[in-house]
$ cat coords07.txt   # compact mmCIF, C-alpha atoms
# COMPACT_ATOMS: atom_id res chain seq x y z
CA MET W 1 -68.99 -19.79 -53.78
CA GLY W 2 -70.44 -16.44 -54.62
CA LEU W 3 -73.88 -17.75 -53.80
CA GLN W 4 -72.67 -18.91 -50.40
CA VAL W 5 -71.37 -15.47 -49.57
CA LEU W 6 -74.60 -13.93 -50.68
CA ALA W 7 -76.54 -16.38 -48.57
CA GLU W 8 -74.56 -15.60 -45.43
CA GLY W 9 -74.94 -11.84 -45.49
CA GLY W 10 -77.20 -9.43 -47.23
CA GLU W 11 -77.46 -9.08 -50.98
CA PHE W 12 -74.36 -7.44 -52.55
CA GLU W 13 -75.32 -4.81 -54.99
CA ALA W 14 -72.51 -4.20 -57.47
CA PRO W 15 -71.77 -0.49 -57.83
CA GLY W 16 -72.73 0.83 -61.23
CA VAL W 17 -73.73 3.84 -63.18
CA LYS W 18 -76.81 4.23 -60.95
CA ASP W 19 -74.45 5.28 -58.16
CA PHE W 20 -73.66 8.45 -60.06
CA LEU W 21 -76.94 9.95 -58.84
CA PHE W 22 -78.50 10.47 -62.18
CA SER W 23 -81.73 12.28 -62.01
CA ASP W 24 -84.76 11.10 -63.90
CA PRO W 25 -83.84 11.44 -67.58
CA ASP W 26 -87.42 12.33 -68.43
CA LYS W 27 -87.26 15.49 -66.38
CA ILE W 28 -85.10 18.09 -68.09
CA TRP W 29 -84.94 20.81 -65.42
CA VAL W 30 -83.68 19.20 -62.32
CA LEU W 31 -80.84 20.01 -59.96
CA ASN W 32 -78.50 17.23 -58.93
CA LYS W 33 -75.26 16.91 -57.03
CA ALA W 34 -73.10 17.18 -60.15
CA MET W 35 -74.73 20.46 -61.14
CA VAL W 36 -74.13 21.95 -57.73
CA LEU W 37 -70.51 20.80 -57.88
CA VAL W 38 -69.96 22.33 -61.30
CA VAL W 39 -71.16 25.70 -60.05
CA VAL W 40 -69.04 25.35 -56.91
CA ALA W 41 -66.00 24.50 -59.05
CA ALA W 42 -66.51 27.59 -61.18
CA ILE W 43 -66.77 29.71 -58.05
CA ILE W 44 -63.68 28.10 -56.49
CA VAL W 45 -61.57 28.72 -59.58
CA ALA W 46 -62.79 32.30 -60.00
CA VAL W 47 -62.26 33.16 -56.33
CA PHE W 48 -58.86 31.49 -56.30
CA TYR W 49 -57.53 33.50 -59.22
CA LEU W 50 -59.21 36.73 -58.17
CA THR W 51 -57.76 36.47 -54.68
CA ALA W 52 -54.33 35.47 -55.91
CA THR W 53 -54.15 38.34 -58.37
CA ARG W 54 -55.64 41.07 -56.21
CA ARG W 55 -52.41 42.45 -54.88
CA MET W 56 -49.73 41.08 -57.14
CA LYS W 57 -46.13 41.64 -56.23
CA ILE W 58 -43.07 41.53 -58.46
CA VAL W 59 -41.61 39.10 -55.96
CA PRO W 60 -44.47 36.66 -55.33
CA ASN W 61 -45.49 35.23 -52.01
CA ARG W 62 -46.32 31.55 -51.73
CA PHE W 63 -50.00 31.89 -52.68
CA GLN W 64 -49.30 34.12 -55.65
CA PHE W 65 -46.53 31.76 -56.70
CA ILE W 66 -48.95 28.82 -56.84
CA ALA W 67 -51.41 30.84 -58.92
CA GLU W 68 -48.59 31.97 -61.17
CA SER W 69 -47.49 28.38 -61.66
CA PHE W 70 -50.97 27.47 -62.91
CA TYR W 71 -51.08 30.53 -65.09
CA ASP W 72 -47.66 29.70 -66.50
CA LEU W 73 -48.76 26.17 -67.24
CA GLY W 74 -51.84 27.37 -69.12
CA ARG W 75 -50.12 30.28 -70.82
CA ASN W 76 -46.64 29.07 -71.71
CA THR W 77 -46.67 25.31 -71.52
CA ILE W 78 -50.04 24.73 -73.17
CA ALA W 79 -51.27 27.78 -75.10
CA ARG W 80 -47.98 29.10 -76.44
CA GLU W 81 -46.63 25.66 -77.29
CA GLN W 82 -49.76 24.59 -79.19
CA ILE W 83 -50.92 27.83 -80.78
CA GLY W 84 -47.62 29.55 -81.39
CA SER W 85 -46.18 32.65 -79.81
CA ALA W 86 -47.69 34.97 -82.40
CA GLU W 87 -51.37 34.29 -81.77
CA PHE W 88 -51.75 32.55 -78.43
CA ARG W 89 -52.50 35.54 -76.21
CA PRO W 90 -56.27 35.87 -76.78
CA PHE W 91 -56.71 32.18 -75.94
CA VAL W 92 -54.87 32.22 -72.63
CA PRO W 93 -58.03 32.84 -70.55
CA LEU W 94 -59.85 30.00 -72.33
CA ILE W 95 -57.05 27.50 -71.87
CA LEU W 96 -56.48 28.52 -68.27
CA ALA W 97 -60.20 28.31 -67.53
CA LEU W 98 -60.52 24.90 -69.17
CA PHE W 99 -57.56 23.45 -67.32
CA SER W 100 -58.42 24.86 -63.90
CA PHE W 101 -62.14 24.19 -64.13
CA ILE W 102 -61.71 20.59 -65.25
CA LEU W 103 -58.99 19.96 -62.69
CA VAL W 104 -61.16 21.17 -59.81
CA ASN W 105 -64.18 19.25 -61.04
CA ASN W 106 -62.10 16.10 -61.34
CA LEU W 107 -60.50 16.50 -57.94
CA PHE W 108 -63.96 16.56 -56.41
CA GLY W 109 -63.83 12.82 -57.03
CA ILE W 110 -61.28 12.25 -54.27
CA ILE W 111 -62.07 15.11 -51.92
CA PRO W 112 -63.66 13.73 -48.74
CA VAL W 113 -67.38 14.39 -48.22
CA ILE W 114 -67.79 15.30 -51.88
CA TYR W 115 -66.38 12.15 -53.49
CA PHE W 116 -67.85 12.87 -56.83
CA PRO W 117 -66.15 13.79 -60.11
CA SER W 118 -68.75 16.05 -61.69
CA LEU W 119 -67.42 15.51 -65.20
CA SER W 120 -68.53 11.88 -64.97
CA HIS W 121 -71.81 13.35 -66.11
CA ILE W 122 -71.25 13.65 -69.83
CA GLY W 123 -73.33 16.81 -70.13
CA PHE W 124 -70.58 18.98 -68.67
CA PRO W 125 -67.65 17.84 -70.84
CA LEU W 126 -70.00 18.05 -73.82
CA ALA W 127 -70.84 21.63 -72.91
CA LEU W 128 -67.14 22.45 -72.75
CA SER W 129 -66.12 20.74 -75.96
CA VAL W 130 -69.14 21.09 -78.24
CA LEU W 131 -70.40 24.47 -77.06
CA VAL W 132 -67.09 26.16 -76.25
CA VAL W 133 -63.98 24.67 -77.83
CA TYR W 134 -65.63 23.48 -81.04
CA PRO W 135 -67.15 26.83 -82.04
CA VAL W 136 -64.07 28.71 -80.92
CA TYR W 137 -61.59 26.91 -83.10
CA HIS W 138 -63.82 26.90 -86.15
CA PHE W 139 -64.66 30.56 -85.64
CA VAL W 140 -61.09 31.78 -85.28
CA GLY W 141 -60.03 29.63 -88.23
CA MET W 142 -62.73 31.06 -90.47
CA ARG W 143 -62.08 34.59 -89.24
CA LYS W 144 -58.43 34.30 -90.15
CA HIS W 145 -58.61 32.43 -93.45
CA GLY W 146 -62.18 33.15 -94.57
CA VAL W 147 -64.74 30.36 -94.68
CA GLY W 148 -63.52 28.98 -98.02
CA GLY W 149 -59.87 29.29 -97.17
CA TYR W 150 -60.42 27.66 -93.81
CA LEU W 151 -62.34 24.71 -95.25
CA LYS W 152 -59.72 24.28 -97.95
CA ASN W 153 -56.98 24.37 -95.32
CA GLN W 154 -58.73 21.85 -93.13
CA LEU W 155 -60.21 19.46 -95.68
CA PHE W 156 -57.69 19.58 -98.52
CA PRO W 157 -54.21 19.36 -97.05
CA PRO W 158 -51.64 20.48 -99.63
CA ASN W 159 -48.95 18.36 -101.24
CA VAL W 160 -51.18 15.34 -101.70
CA PRO W 161 -51.92 13.66 -105.07
CA TRP W 162 -55.54 14.44 -105.91
CA PRO W 163 -57.02 10.89 -105.79
CA VAL W 164 -56.03 10.72 -102.15
CA TYR W 165 -58.53 13.50 -101.44
CA LEU W 166 -61.32 11.00 -102.13
CA LEU W 167 -60.22 9.23 -98.99
CA LEU W 168 -58.59 12.01 -97.05
CA THR W 169 -61.23 14.70 -97.24
CA PRO W 170 -64.06 12.67 -95.67
CA ILE W 171 -61.67 11.54 -92.94
CA GLU W 172 -60.55 15.08 -92.29
CA PHE W 173 -64.13 16.26 -92.25
CA ILE W 174 -65.20 13.65 -89.73
CA THR W 175 -62.13 14.32 -87.63
CA LYS W 176 -62.43 18.08 -87.58
CA PHE W 177 -66.19 18.49 -87.42
CA VAL W 178 -67.44 15.41 -85.59
CA ALA W 179 -64.82 13.32 -83.90
CA ASN W 180 -62.62 15.99 -82.31
CA PRO W 181 -65.25 17.61 -80.09
CA LEU W 182 -66.88 14.28 -79.19
CA THR W 183 -63.66 12.48 -78.32
CA LEU W 184 -62.53 15.52 -76.37
CA ALA W 185 -65.63 15.26 -74.18
CA LEU W 186 -65.72 11.45 -74.05
CA ARG W 187 -62.12 11.16 -72.96
CA VAL W 188 -62.46 13.03 -69.70
CA PHE W 189 -65.98 11.73 -69.10
CA ALA W 190 -64.95 8.10 -69.52
CA ALA W 191 -61.85 8.49 -67.40
CA MET W 192 -63.83 10.03 -64.57
CA LEU W 193 -66.69 7.55 -64.76
CA ALA W 194 -64.40 4.53 -64.94
CA GLY W 195 -62.03 5.80 -62.27
CA HIS W 196 -64.81 6.55 -59.88
CA LEU W 197 -66.48 3.24 -60.60
CA LEU W 198 -63.21 1.49 -59.86
CA LEU W 199 -62.97 3.26 -56.51
CA LEU W 200 -66.58 2.39 -55.74
CA VAL W 201 -65.96 -1.26 -56.51
CA PHE W 202 -63.03 -1.51 -54.14
CA ILE W 203 -64.52 0.59 -51.37
CA LEU W 204 -68.04 -0.86 -51.44
CA GLY W 205 -66.75 -4.37 -52.11
CA GLY W 206 -64.34 -4.08 -49.18
CA GLU W 207 -67.08 -2.72 -47.00
CA TYR W 208 -69.36 -5.63 -47.92
CA LEU W 209 -66.63 -8.16 -47.18
CA VAL W 210 -65.78 -6.59 -43.82
CA VAL W 211 -69.29 -5.77 -42.61
CA GLU W 212 -71.55 -8.38 -44.14
CA ALA W 213 -69.25 -11.34 -44.69
CA SER W 214 -67.32 -12.77 -41.79
CA GLY W 215 -64.26 -14.77 -40.82
CA TRP W 216 -61.61 -14.99 -43.46
CA PHE W 217 -63.40 -12.58 -45.79
CA ILE W 218 -62.41 -9.63 -43.59
CA ALA W 219 -58.79 -9.89 -44.79
CA PRO W 220 -59.51 -9.47 -48.52
CA GLY W 221 -61.98 -6.75 -47.56
CA ILE W 222 -59.25 -4.77 -45.80
CA PHE W 223 -56.88 -5.48 -48.67
CA SER W 224 -59.53 -4.11 -50.99
CA TRP W 225 -59.63 -0.86 -48.98
CA VAL W 226 -55.84 -0.56 -49.11
CA PHE W 227 -56.04 -1.07 -52.83
CA ALA W 228 -58.71 1.63 -53.02
CA LEU W 229 -56.21 3.97 -51.37
CA VAL W 230 -53.59 3.14 -53.99
CA ILE W 231 -56.15 3.67 -56.74
CA THR W 232 -57.01 7.02 -55.20
CA PHE W 233 -53.45 8.19 -55.78
CA LEU W 234 -53.59 6.85 -59.31
CA GLU W 235 -56.86 8.74 -59.75
CA VAL W 236 -55.24 12.03 -58.72
CA LEU W 237 -52.74 11.49 -61.49
CA VAL W 238 -55.45 10.60 -64.00
CA MET W 239 -57.51 13.64 -63.00
CA ALA W 240 -54.62 16.02 -63.48
CA ILE W 241 -53.63 14.37 -66.77
CA GLN W 242 -57.18 14.54 -68.09
CA ALA W 243 -57.46 18.23 -67.30
CA TYR W 244 -54.09 18.80 -68.94
CA VAL W 245 -54.97 16.73 -71.99
CA PHE W 246 -58.27 18.54 -72.46
CA ALA W 247 -56.53 21.90 -72.37
CA VAL W 248 -53.68 20.77 -74.62
CA LEU W 249 -56.01 19.29 -77.22
CA SER W 250 -58.24 22.38 -77.20
CA ALA W 251 -55.17 24.54 -77.75
CA SER W 252 -53.92 22.22 -80.45
CA TYR W 253 -57.26 22.37 -82.31
CA ILE W 254 -57.11 26.15 -82.17
CA GLY W 255 -53.50 26.07 -83.32
CA ALA W 256 -54.38 23.75 -86.23
CA ALA W 257 -57.28 26.01 -87.23
CA LEU W 258 -55.01 29.05 -87.26
CA ALA W 259 -52.09 27.36 -88.99
CA GLU W 260 -51.41 28.47 -92.55
CA GLU W 261 -50.87 24.94 -93.76
CA HIS W 262 -52.06 21.68 -92.40
CA MET J 1 -76.96 -13.16 -60.99
CA ARG J 2 -80.54 -12.37 -61.69
CA ALA J 3 -80.38 -9.39 -59.36
CA ILE J 4 -77.35 -7.97 -61.17
CA VAL J 5 -79.06 -8.29 -64.51
CA LEU J 6 -82.07 -6.50 -63.11
CA ALA J 7 -79.90 -3.76 -61.70
CA GLN J 8 -78.23 -3.26 -65.03
CA ALA J 9 -81.53 -3.03 -66.76
CA GLU J 10 -82.60 -0.28 -64.40
CA GLU J 11 -79.42 1.71 -64.79
CA PRO J 12 -79.60 4.91 -66.78
CA ASN J 13 -77.45 5.25 -69.85
CA PRO J 14 -74.42 7.35 -68.84
CA VAL J 15 -73.61 8.45 -72.39
CA LEU J 16 -76.92 10.24 -72.90
CA PRO J 17 -76.42 13.81 -71.75
CA HIS J 18 -78.89 15.82 -69.74
CA VAL J 19 -79.86 19.03 -71.42
CA SER J 20 -79.98 20.85 -68.11
CA GLU J 21 -76.42 19.76 -67.35
CA ILE J 22 -75.17 20.94 -70.71
CA ILE J 23 -76.81 24.32 -70.24
CA LEU J 24 -75.65 24.72 -66.67
CA GLY J 25 -72.13 23.59 -67.53
CA PHE J 26 -72.02 26.05 -70.40
CA ILE J 27 -73.26 28.95 -68.28
CA ALA J 28 -71.01 28.18 -65.31
CA PHE J 29 -67.97 27.84 -67.53
CA GLY J 30 -68.94 30.92 -69.51
CA LEU J 31 -69.09 33.03 -66.36
CA LEU J 32 -65.77 31.62 -65.17
CA LEU J 33 -64.22 32.33 -68.54
CA PHE J 34 -65.52 35.88 -68.41
CA VAL J 35 -63.99 36.46 -64.97
CA LEU J 36 -60.63 35.08 -66.06
CA TRP J 37 -60.70 37.02 -69.32
CA LYS J 38 -61.80 40.28 -67.77
CA TYR J 39 -59.84 40.36 -64.52
CA VAL J 40 -57.37 37.56 -64.00
CA THR J 41 -55.47 37.41 -67.28
CA PRO J 42 -54.88 41.18 -67.55
CA ARG J 43 -53.53 41.24 -63.99
CA PHE J 44 -51.12 38.40 -64.71
CA GLU J 45 -50.01 39.97 -67.96
CA LYS J 46 -49.51 43.33 -66.28
CA LEU J 47 -47.42 41.68 -63.61
CA TYR J 48 -45.35 39.88 -66.21
CA THR J 49 -44.72 43.11 -68.08
CA GLU J 50 -43.76 44.86 -64.87
CA ARG J 51 -41.49 42.03 -63.90
CA VAL J 52 -39.76 42.02 -67.27
CA GLU J 53 -39.31 45.78 -67.08
CA LYS J 54 -38.02 45.56 -63.56
CA ILE J 55 -35.53 42.85 -64.38
CA GLU J 56 -34.38 44.52 -67.56
CA GLY J 57 -34.19 47.84 -65.72
CA GLY J 58 -32.17 46.20 -62.98
CA ILE J 59 -29.77 44.71 -65.48
CA GLU J 60 -29.44 48.03 -67.23
CA LYS J 61 -28.81 49.76 -63.93
CA ALA J 62 -26.19 47.22 -62.97
CA GLU J 63 -24.48 47.67 -66.31
CA LYS J 64 -24.54 51.40 -65.89
CA ALA J 65 -23.12 51.15 -62.41
CA GLN J 66 -20.40 48.86 -63.69
CA ALA J 67 -19.55 51.28 -66.47
CA GLU J 68 -19.43 54.10 -63.98
CA ALA J 69 -17.19 52.14 -61.68
CA GLU J 70 -14.90 51.33 -64.59
CA GLN J 71 -14.79 54.98 -65.55
CA ALA J 72 -14.03 55.99 -61.99
CA ARG J 73 -11.29 53.40 -61.83
CA GLN J 74 -9.70 54.68 -65.00
CA LYS J 75 -9.94 58.23 -63.77
CA TYR J 76 -8.39 57.24 -60.49
CA ASN J 77 -5.59 55.40 -62.27
CA ALA J 78 -4.99 58.39 -64.52
CA GLN J 79 -4.91 60.68 -61.53
CA LEU J 80 -2.59 58.33 -59.74
CA SER J 81 -0.11 58.18 -62.59
CA GLU J 82 -0.36 61.93 -63.00
CA ALA J 83 0.35 62.37 -59.32
CA ARG J 84 3.27 59.99 -59.63
CA THR J 85 4.83 61.92 -62.51
CA GLU J 86 4.20 65.15 -60.68
CA ALA J 87 5.86 63.82 -57.57
CA ALA J 88 8.84 62.69 -59.60
CA LYS J 89 9.00 66.09 -61.24
CA VAL J 90 8.83 67.81 -57.88
CA ARG J 91 11.59 65.58 -56.62
CA ASP J 92 13.75 66.35 -59.65
CA ASP J 93 13.09 70.05 -59.32
CA ALA J 94 13.97 69.96 -55.67
CA ARG J 95 17.16 68.11 -56.40
CA LEU J 96 18.02 70.59 -59.13
CA GLU J 97 17.24 73.51 -56.91
CA ALA J 98 19.27 72.08 -54.09
CA GLU J 99 22.13 71.65 -56.50
CA ASN J 100 21.77 75.24 -57.68
CA ILE J 101 21.60 76.52 -54.15
CA ARG J 102 24.67 74.55 -53.25
CA ALA J 103 26.56 75.85 -56.25
CA GLU J 104 25.42 79.36 -55.55
CA LEU J 105 26.45 79.11 -51.95
CA ARG J 106 29.79 77.72 -52.92
CA ALA J 107 30.32 80.50 -55.45
CA GLU J 108 29.26 83.03 -52.88
CA ALA J 109 31.59 81.58 -50.31
CA GLU J 110 34.43 81.48 -52.76
CA ALA J 111 33.75 85.07 -53.74
CA GLU J 112 33.62 86.02 -50.09
CA ALA J 113 36.83 84.22 -49.47
CA ALA J 114 38.44 85.88 -52.42
CA ARG J 115 37.13 89.23 -51.27
CA ILE J 116 38.43 88.66 -47.77
CA VAL J 117 41.76 87.60 -49.15
CA ALA J 118 41.87 90.63 -51.46
CA ALA J 119 40.85 92.99 -48.66
CA GLY J 120 43.52 91.55 -46.43
CA GLU J 121 46.04 91.87 -49.13
CA ALA J 122 45.04 95.47 -49.81
CA ARG J 123 45.23 96.27 -46.16
CA LEU J 124 48.57 94.63 -46.00
CA GLN J 125 49.76 96.63 -48.98
CA ALA J 126 48.46 99.86 -47.47
CA ARG J 127 50.08 99.06 -44.19
CA LYS J 128 53.25 98.20 -45.94
CA ALA J 129 53.19 101.44 -47.90
CA GLN J 130 52.40 103.38 -44.78
CA ILE J 131 55.18 101.70 -42.88
CA ILE J 132 57.52 102.32 -45.72
CA ALA J 133 56.48 105.98 -45.84
CA GLU J 134 56.83 106.31 -42.07
CA LEU J 135 60.13 104.59 -42.12
CA ARG J 136 61.22 106.74 -44.94
CA SER J 137 60.37 110.00 -43.14
CA GLU J 138 61.74 108.71 -39.90
CA LEU J 139 64.82 107.48 -41.56
CA GLY J 140 65.18 110.83 -43.31
CA ARG J 141 64.83 112.77 -40.10
CA ASN J 142 67.08 110.46 -38.23
CA SER J 143 69.58 110.53 -40.99
CA ILE J 144 69.52 114.29 -41.14
CA GLU J 145 69.82 114.52 -37.43
CA LEU J 146 72.55 112.04 -37.50
CA ALA J 147 74.19 113.71 -40.41
CA SER J 148 73.89 117.19 -38.89
CA ARG J 149 75.31 115.83 -35.77
CA ILE J 150 78.08 114.15 -37.58
CA VAL J 151 78.71 116.89 -40.10
CA GLY J 152 77.89 119.60 -37.61
CA GLU J 153 76.37 121.69 -40.14
CA SER J 154 72.79 122.85 -40.06
CA LEU J 155 70.95 122.22 -43.11
CA GLU J 156 68.33 124.87 -42.98
CA ASP J 157 67.55 125.03 -46.56
CA ASP J 158 64.68 122.59 -47.11
CA ALA J 159 65.26 122.04 -50.68
CA ARG J 160 68.80 121.32 -50.23
CA ARG J 161 68.07 119.12 -47.32
CA ARG J 162 65.53 117.15 -49.24
CA GLY J 163 67.85 116.91 -52.17
CA THR J 164 70.56 115.56 -49.97
CA VAL J 165 68.27 113.11 -48.25
CA ASP J 166 66.74 111.96 -51.51
CA ARG J 167 70.06 111.43 -52.99
CA PHE J 168 71.08 109.48 -49.95
CA LEU J 169 67.90 107.40 -50.11
CA ALA J 170 68.37 106.77 -53.79
CA GLU J 171 71.83 105.60 -53.04
CA LEU J 172 70.41 103.43 -50.29
CA ASP J 173 67.84 102.05 -52.74
CA THR J 174 70.41 101.27 -55.32
CA ALA J 175 72.59 99.82 -52.69
CA GLY J 176 69.59 97.75 -51.41
CA SER J 177 68.69 96.61 -54.92
CA ARG J 178 72.28 95.76 -55.67
CA ASN J 179 72.33 93.62 -52.65
$ encode --input "coords07.txt" --output "structure tokens"
Amino acid sequence: MGLQVLAEGGEFEAPGVKDFLFSDPDKIWVLNKAMVLVVVAAIIVAVFYLTATRRMKIVPNRFQFIAESFYDLGRNTIAREQIGSAEFRPFVPLILALFSFILVNNLFGIIPVIYFPSLSHIGFPLALSVLVVYPVYHFVGMRKHGVGGYLKNQLFPPNVPWPVYLLLTPIEFITKFVANPLTLALRVFAAMLAGHLLLLVFILGGEYLVVEASGWFIAPGIFSWVFALVITFLEVLVMAIQAYVFAVLSASYIGAALAEEH
Amino acid sequence: MRAIVLAQAEEPNPVLPHVSEIILGFIAFGLLLFVLWKYVTPRFEKLYTERVEKIEGGIEKAEKAQAEAEQARQKYNAQLSEARTEAAKVRDDARLEAENIRAELRAEAEAEAARIVAAGEARLQARKAQIIAELRSELGRNSIELASRIVGESLEDDARRRGTVDRFLAELDTAGSRN
């Protein structure tokens, strides 16, 4: 069946990771679409907030209100909830930047012409989690409790019979020092890669069925496009949730590092 | 099938990060974070502080205005009741005064009436006395004339004449009182 289809039209190339425009892995310094998009996203977010906050009014206009809603989400819903109202203030810019930056980068995946979620390149989420969030939460934890106190807090949770530490401490160590930053990055990366791949499958598959195949295959091709549209809406949800989850988890790691007890 | 396998073999591994992407992502995010930290967050926080102050100030002002209104109302009520008591007092005073004036006038009128009555009486008495005196002298003269005519004797001596007349009058008086 599949062979017959292939024989009638041209060869169908299944969309895959190669469609994410990876540059040659041997060359280290190379500019690709994702890198341009990341820079553009940073500029968009910075310009958005700078413009929105330039002439702030007590009674906000519509534009300022939107910016304030984002700021409220980052400040009150995420940072204050996770870190606690005593210590969250210094982390508000970080949480807000993480959420907004990731959201814009993700939304690139469904914006016409661009159609590319830049965080589907794992380098960027890794930069955010391993180079930013990871050092931040360990640093603030050690600054508050001292290196020894912090490690004791993190690796030896109180109120546990001592033999349990044999099991618990290695788990805690792996969680806090290895797994947390990696899973943080992998989560958003995988969601973006898989989501975009899913869209590619339905759009390119539909296109192949409509253009290359003929007759009755046009109907499932069009159905495939309609389904791609539905998935697009689902993707918007996933993109927003991933940005939110990244920010919430970052804040929660910071909150856990600052907490007096585990 | 063979083609797909080949394609997969050629595909890059998506989990291996590019160093350039990590560095660029870090720098781009770092700059963004700096902008938000340096400019955006302070502006939002300033606005929030201002808003809180404004709202709290507004509430305070409203409370103050309410208190003032309440105070004014109480003052007004106090003034009103004061005015009411004053009006009642004025009314009472007026009534009292009117009563006094009426009594005074009545007393005055009564006194006047009494005076008029007394004056009339006095005048009457005086008139009566005068008439009596006139009658007396006239009666005396007439009597003398009559007597001299009847007796035919001139009574030139005044003292004697008067004595005679007085005696006659006294007799008349006694005769009058006896009657």
$ interface_residues --input "coords07.txt" --of "chain J" --to "chain W" --cutoff "6 Å" --atoms "all atoms listed in the file" --output "number ranges by chain"
J: 11, 17-18, 20-22, 25-26, 28, 32-33, 36-37, 51
$ atom_distance --input "coords07.txt" --atom1 "CA of Ala147 in chain J" --atom2 "CA of Ala133 in chain J"
20.1 Å
$ closest_residue --input "coords07.txt" --among "W:Leu209, W:Ile114, W:Ile83, W:Val245" --to "Ala191 in chain W" --atoms "all atoms listed in the file"
W:Val245
$ atom_distance --input "coords07.txt" --atom1 "CA of Phe88 in chain W" --atom2 "CA of Ile254 in chain W"
9.1 Å
$ atom_distance --input "coords07.txt" --atom1 "CA of Val165 in chain J" --atom2 "CA of Ile131 in chain J"
18.2 Å
$ build_atoms --input "coords07.txt" --residues "range 149-160 of chain W" --atoms "N, CA and C atoms" --output "compact mmCIF listing (two decimals), keeping the file's coordinate frame"
# COMPACT_ATOMS: atom_id res chain seq x y z
N GLY W 149 -61.28 29.56 -97.42
CA GLY W 149 -59.87 29.29 -97.17
C GLY W 149 -59.69 28.33 -96.00
N TYR W 150 -60.52 28.52 -94.99
CA TYR W 150 -60.42 27.66 -93.81
C TYR W 150 -60.79 26.22 -94.16
N LEU W 151 -61.91 26.06 -94.89
CA LEU W 151 -62.34 24.71 -95.25
C LEU W 151 -61.30 24.05 -96.15
N LYS W 152 -60.74 24.83 -97.05
CA LYS W 152 -59.72 24.28 -97.95
C LYS W 152 -58.49 23.84 -97.14
N ASN W 153 -58.11 24.71 -96.20
CA ASN W 153 -56.98 24.37 -95.32
C ASN W 153 -57.23 23.08 -94.58
N GLN W 154 -58.44 22.97 -94.03
CA GLN W 154 -58.73 21.85 -93.13
C GLN W 154 -59.01 20.56 -93.89
N LEU W 155 -59.73 20.67 -95.00
CA LEU W 155 -60.21 19.46 -95.68
C LEU W 155 -59.31 19.01 -96.82
N PHE W 156 -58.56 19.95 -97.39
CA PHE W 156 -57.69 19.58 -98.52
C PHE W 156 -56.25 19.92 -98.18
N PRO W 157 -55.61 19.09 -97.39
CA PRO W 157 -54.21 19.36 -97.05
C PRO W 157 -53.37 19.40 -98.32
N PRO W 158 -52.44 20.35 -98.40
CA PRO W 158 -51.64 20.48 -99.63
C PRO W 158 -50.63 19.34 -99.78
N ASN W 159 -50.01 19.33 -100.94
CA ASN W 159 -48.95 18.36 -101.24
C ASN W 159 -49.44 16.91 -101.17
N VAL W 160 -50.64 16.71 -101.68
CA VAL W 160 -51.18 15.34 -101.70
C VAL W 160 -51.68 15.09 -103.13
